[in-house]
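**Q** One structure, pasted below without further comment.
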Amino acid sequence: MKLAVIYDSKTGNTKQAAEWIAQGMMQEEGVEAQTFHISAVDEAFVNAAKGVVIGSPSYCALMTPAMHDWLLEKASNLDLAGKLGGAFATVQYTHGGGEVVIQSILTNELVFGMLCYSSGGEYGNPYIHLGPVGVNGNKEAHNALENYKDYFTIFGQRFAKKAREIFVETGDRL
Ligand SMILES: Cc1cc2nc3c(=O)[nH]c(=O)nc-3n(C[C@H](O)[C@H](O)[C@H](O)COP(=O)(O)O)c2cc1C
C-alpha cells in the first residue's frame with residue numbers, strides 16, 4: 001500500500017517533519033511511503049496511493065502562498081477523492097498558528113472528497129486532535145523541532161494503520 005506525504009518547506013523543518021511521518025508510516029507492514037516537495041510531486045505515485053498527508057510551515061498563521069497555489073492549481077488535478085487525508089504544520093512560536101494551517105489544509109482535503117483522519121483520541125496519549133505541529137528552536141530557546149519527532153512518527157504510524165484498516169482489511173470486517 002502506497003502512502004504519500006506532500007509538503008512545502010524553505011528552511012527544512014517541514015521537510016524533516018514529512019520524513020518523520022513517512023518513517024512512522026513504514027512501521028506498518030506492507031507500507032511504501034514517499035515524501036514530495038510540492039515542486040516535485042510524483043503524480044503517478046500519489047494517484048496510486050491510498051492516503052496523502054499534506055503539510056506546510058505557518059506563514060502569518062496561514063499555509064504558505066506556494067502551498068495554497070499548489071492546492072488550488074495542482075492538487076485538484078490529482079486523483080485525491082476517496083483517499084485518506086491528513087495534515088501537519090511547523091511553526092516557530094508555540095502559538096504561531098499551526099492548527100489554523102492544519103485546519104485549512106483539511107478543509108481543502110474535504111473539498112477534494114478525501115476522508116480526513118488525525119487519530120484524535122482513538123489511541124489515547126499522545127492525543128493528536130487535528131494533526132501534529134512541530135515548534136522549531138528559531139525563536140523559543142526552550143523549543144526544538146526534534147522534541148516533536150515522536151508526534152510525527154506516531155501520527156504517521158496511526159495514519160498508515162487506519163489506511164490499512166480501511167483499504168486492505170475491510171473485507172475481513174464485512
Ligand atoms: C514569511 C514567514 C512568515 C512566518 N510566519 C510565522 C507565523 O505566523 N507563526 C510562526 O510560528 N512561524 C512563522 N514563520 C516561521 C516558520 O513557520 C517556521 O520557521 C517553519 O518551521 C519553517 O518551515 P520550513 O523550515 O519547512 O521552511 C514564518 C516564516 C516566514 C518565512
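Following the order of the C-alpha cells, chains are lettered A, B, ..., residues in each are numbered from 1, and ligands are numbered from 1.
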Going by DSSP on the backbone, which bits of segment 11-167 of chain A are alpha helix (DSSP H)? Write them as JSON, numbers by chain, please.

**A** {"A": [13, 14, 15, 16, 17, 18, 19, 20, 21, 22, 23, 24, 25, 43, 44, 45, 46, 47, 48, 65, 66, 67, 68, 69, 70, 71, 72, 73, 98, 99, 100, 101, 102, 103, 104, 105, 106, 107, 108, 109, 110, 111, 149, 150, 151, 152, 153, 154, 155, 156, 157, 158, 159, 160, 161, 162, 163, 164, 165, 166, 167]}

**Q** Around ligand 1, at most 12 Å away and counting only C-alpha atoms and all ligand atoms, which residues are there? Put them as a ChimeraX atom specification, please.

**A** /A:6-19,37-38,55-67,88-101,133-140,143-146,148

**Q** Store the residues picked out above in a file with C-alpha atoms, as a compact mmCIF listing (two decimals), in the first residue's frame.

**A**
```txt
# COMPACT_ATOMS: atom_id res chain seq x y z
CA ILE A 6 3.46 16.23 0.38
CA TYR A 7 4.90 19.41 1.88
CA ASP A 8 6.18 22.91 1.31
CA SER A 9 9.46 23.86 3.00
CA LYS A 10 12.10 26.58 2.61
CA THR A 11 14.44 26.00 5.55
CA GLY A 12 13.96 22.26 6.01
CA ASN A 13 11.75 21.95 9.10
CA THR A 14 8.59 20.84 7.34
CA LYS A 15 10.65 18.54 5.09
CA GLN A 16 12.07 16.92 8.24
CA ALA A 17 8.59 16.55 9.73
CA ALA A 18 7.38 14.93 6.48
CA GLU A 19 10.25 12.42 6.64
CA HIS A 37 8.09 18.75 -2.05
CA ILE A 38 5.20 20.49 -3.85
CA GLY A 55 1.97 19.83 5.46
CA SER A 56 3.07 23.45 5.45
CA PRO A 57 5.02 25.92 7.56
CA SER A 58 2.93 28.64 9.18
CA TYR A 59 3.34 31.99 7.40
CA CYS A 60 1.42 34.66 9.33
CA ALA A 61 -0.62 31.82 10.83
CA LEU A 62 -1.65 30.60 7.36
CA MET A 63 -0.34 27.95 4.98
CA THR A 64 2.36 29.29 2.65
CA PRO A 65 1.19 31.05 -0.53
CA ALA A 66 3.02 28.33 -2.52
CA MET A 67 1.07 25.58 -0.74
CA PHE A 88 0.59 18.77 9.66
CA ALA A 89 2.47 22.00 10.23
CA THR A 90 5.65 23.50 11.61
CA VAL A 91 5.92 26.84 13.40
CA GLN A 92 8.49 28.91 15.27
CA TYR A 93 6.13 30.08 18.01
CA THR A 94 4.13 27.69 20.19
CA HIS A 95 1.07 29.81 19.42
CA GLY A 96 2.14 30.56 15.85
CA GLY A 97 -0.92 29.26 14.03
CA GLY A 98 -0.06 25.61 13.36
CA GLU A 99 -3.57 24.34 13.93
CA VAL A 100 -5.04 27.03 11.70
CA VAL A 101 -2.72 25.84 8.94
CA VAL A 133 2.51 20.57 14.91
CA GLY A 134 6.26 20.91 15.45
CA VAL A 135 7.79 24.02 17.02
CA ASN A 136 11.36 24.75 15.96
CA GLY A 137 14.06 26.48 18.01
CA ASN A 138 14.33 29.66 15.88
CA LYS A 139 12.72 31.97 18.41
CA GLU A 140 11.98 29.90 21.51
CA ASN A 143 11.93 24.52 21.89
CA ALA A 144 13.42 22.37 19.13
CA LEU A 145 11.80 20.51 16.24
CA GLU A 146 13.47 17.29 17.43
CA TYR A 148 8.27 16.80 18.33
```

**Q** My list of candidates is A:Leu80, A:Ala141, A:Ala75, A:Ile54. Which is closest to Ser118 of chain A when distances are computed with only C-alpha atoms?

**A**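 The closest residue to Ser118 of chain A is A:Ile54.
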
**Q** Let me make sure I understand: among A:Phe152, A:Ala49, A:Gly86, A:Tyr123, which one has the smallest atom-to-atom distance to Arg164 of chain A if we use only C-alpha atoms?

**A**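 Checking each of A:Phe152, A:Ala49, A:Gly86, A:Tyr123 against Arg164 of chain A, counting only C-alpha atoms, the winner is A:Ala49.
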
**Q** Using only C-alpha atoms, which protein or nucleic acid residues come within 10 Å of Glu29 of chain A? Drop anything in the same chain fewer than 2 positions from it, and give the result as a list in words.

**A**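 With the cut-off at 10 Å, the set is Met1, Met25, Met26, Gln27, Val31, Glu32, Ala160, Lys161 and Arg164 of chain A.
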
**Q** Skip Ala87 of chain A itself and residues of its chain fewer than 3 positions away, then list as a list in words all residues within 7 Å of it, counting only C-alpha atoms.

**A**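 So the residues in contact are Val53, Ile54, Gly55, Ile102, Ile105, Leu106 and Gly131 of chain A.
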
**Q** Limited to N, CA and C atoms, could you put the picked residues into a file as a PDB file, in the first residue's frame?

**A**
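Output file result-v8.pdb follows:
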```
ATOM      1  N   VAL A  53      -0.870  12.756   3.111  1.00  0.00           N
ATOM      2  CA  VAL A  53      -0.761  13.715   4.211  1.00  0.00           C
ATOM      3  C   VAL A  53      -0.058  14.953   3.667  1.00  0.00           C
ATOM      4  N   ILE A  54      -0.614  16.130   3.961  1.00  0.00           N
ATOM      5  CA  ILE A  54      -0.109  17.387   3.389  1.00  0.00           C
ATOM      6  C   ILE A  54       0.299  18.334   4.521  1.00  0.00           C
ATOM      7  N   GLY A  55       1.487  18.955   4.383  1.00  0.00           N
ATOM      8  CA  GLY A  55       1.968  19.827   5.461  1.00  0.00           C
ATOM      9  C   GLY A  55       2.591  21.108   4.956  1.00  0.00           C
ATOM     10  N   ILE A 102      -3.266  23.599   9.681  1.00  0.00           N
ATOM     11  CA  ILE A 102      -3.772  22.232   9.518  1.00  0.00           C
ATOM     12  C   ILE A 102      -5.253  22.248   9.138  1.00  0.00           C
ATOM     13  N   ILE A 105      -5.793  23.149   5.550  1.00  0.00           N
ATOM     14  CA  ILE A 105      -5.421  22.057   4.629  1.00  0.00           C
ATOM     15  C   ILE A 105      -6.501  20.972   4.659  1.00  0.00           C
ATOM     16  N   LEU A 106      -6.976  20.633   5.856  1.00  0.00           N
ATOM     17  CA  LEU A 106      -8.028  19.607   5.962  1.00  0.00           C
ATOM     18  C   LEU A 106      -9.296  20.052   5.224  1.00  0.00           C
ATOM     19  N   GLY A 131      -3.895  17.314  13.906  1.00  0.00           N
ATOM     20  CA  GLY A 131      -2.706  16.866  13.187  1.00  0.00           C
ATOM     21  C   GLY A 131      -1.491  17.343  13.968  1.00  0.00           C
TER      22      GLY A 131
END
```

**Q** Mind pulling up the distance from atom CA of Asp42 of chain A to atom CA of Leu115 of chain A?

**A**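 Value for the atom CA of Leu115 of chain A-atom CA of Asp42 of chain A distance: 21.1 Å.
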
**Q** Which of these residues is nearest to Lys50 of chain A, using only C-alpha atoms: A:Cys116, A:Ile128, A:Leu78, A:Leu84?

**A**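 Closest to Lys50 of chain A of all the choices is A:Leu84.
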
**Q** Using only C-alpha atoms, which residue out of A:Trp70, A:Gly120, A:Phe45, A:Ala4 lies closest to Ile154 of chain A?

**A**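 Among the listed residues, the smallest separation from Ile154 of chain A belongs to A:Gly120.
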
**Q** Where in segment 69-132 of chain A does DSSP assign strand (DSSP E or B), given as a list in words?

**A**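 Reading the DSSP output for segment 69-132 of chain A, strand (DSSP E or B) covers Leu84, Gly85, Gly86, Ala87, Phe88, Ala89, Thr90, Val91, Leu115, Cys116, Gly120 and Ile128 of chain A.
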
**Q** What is the distance between atom CA of Val46 of chain A and atom CA of Asn77 of chain A, in Å to one decimal?

**A**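 Between atom CA of Val46 of chain A and atom CA of Asn77 of chain A the gap is 11.1 Å.
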
**Q** Would you compute the distance between atom CA of Trp20 of chain A and atom CA of Phe112 of chain A? Give it in Å to one decimal.

**A** 25.2 Å

**Q** Neighbouring residues of Gly51 of chain A were defined as those with any atom within 6 Å, considering only C-alpha atoms; residues of the same chain fewer than 4 positions away were excluded. Please report them as a PyMOL selection string.

**A** chain A and resi 3+83-85

**Q** Keeping only C-alpha atoms, write the selected residues as a compact mmCIF listing (two decimals), in the first residue's frame.

**A**
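Dumped everything to out-v7.txt:
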```
# COMPACT_ATOMS: atom_id res chain seq x y z
CA LEU A 3 1.12 6.46 1.10
CA LYS A 83 -8.21 8.66 -0.26
CA LEU A 84 -7.39 9.02 3.44
CA GLY A 85 -6.15 12.57 4.13
```
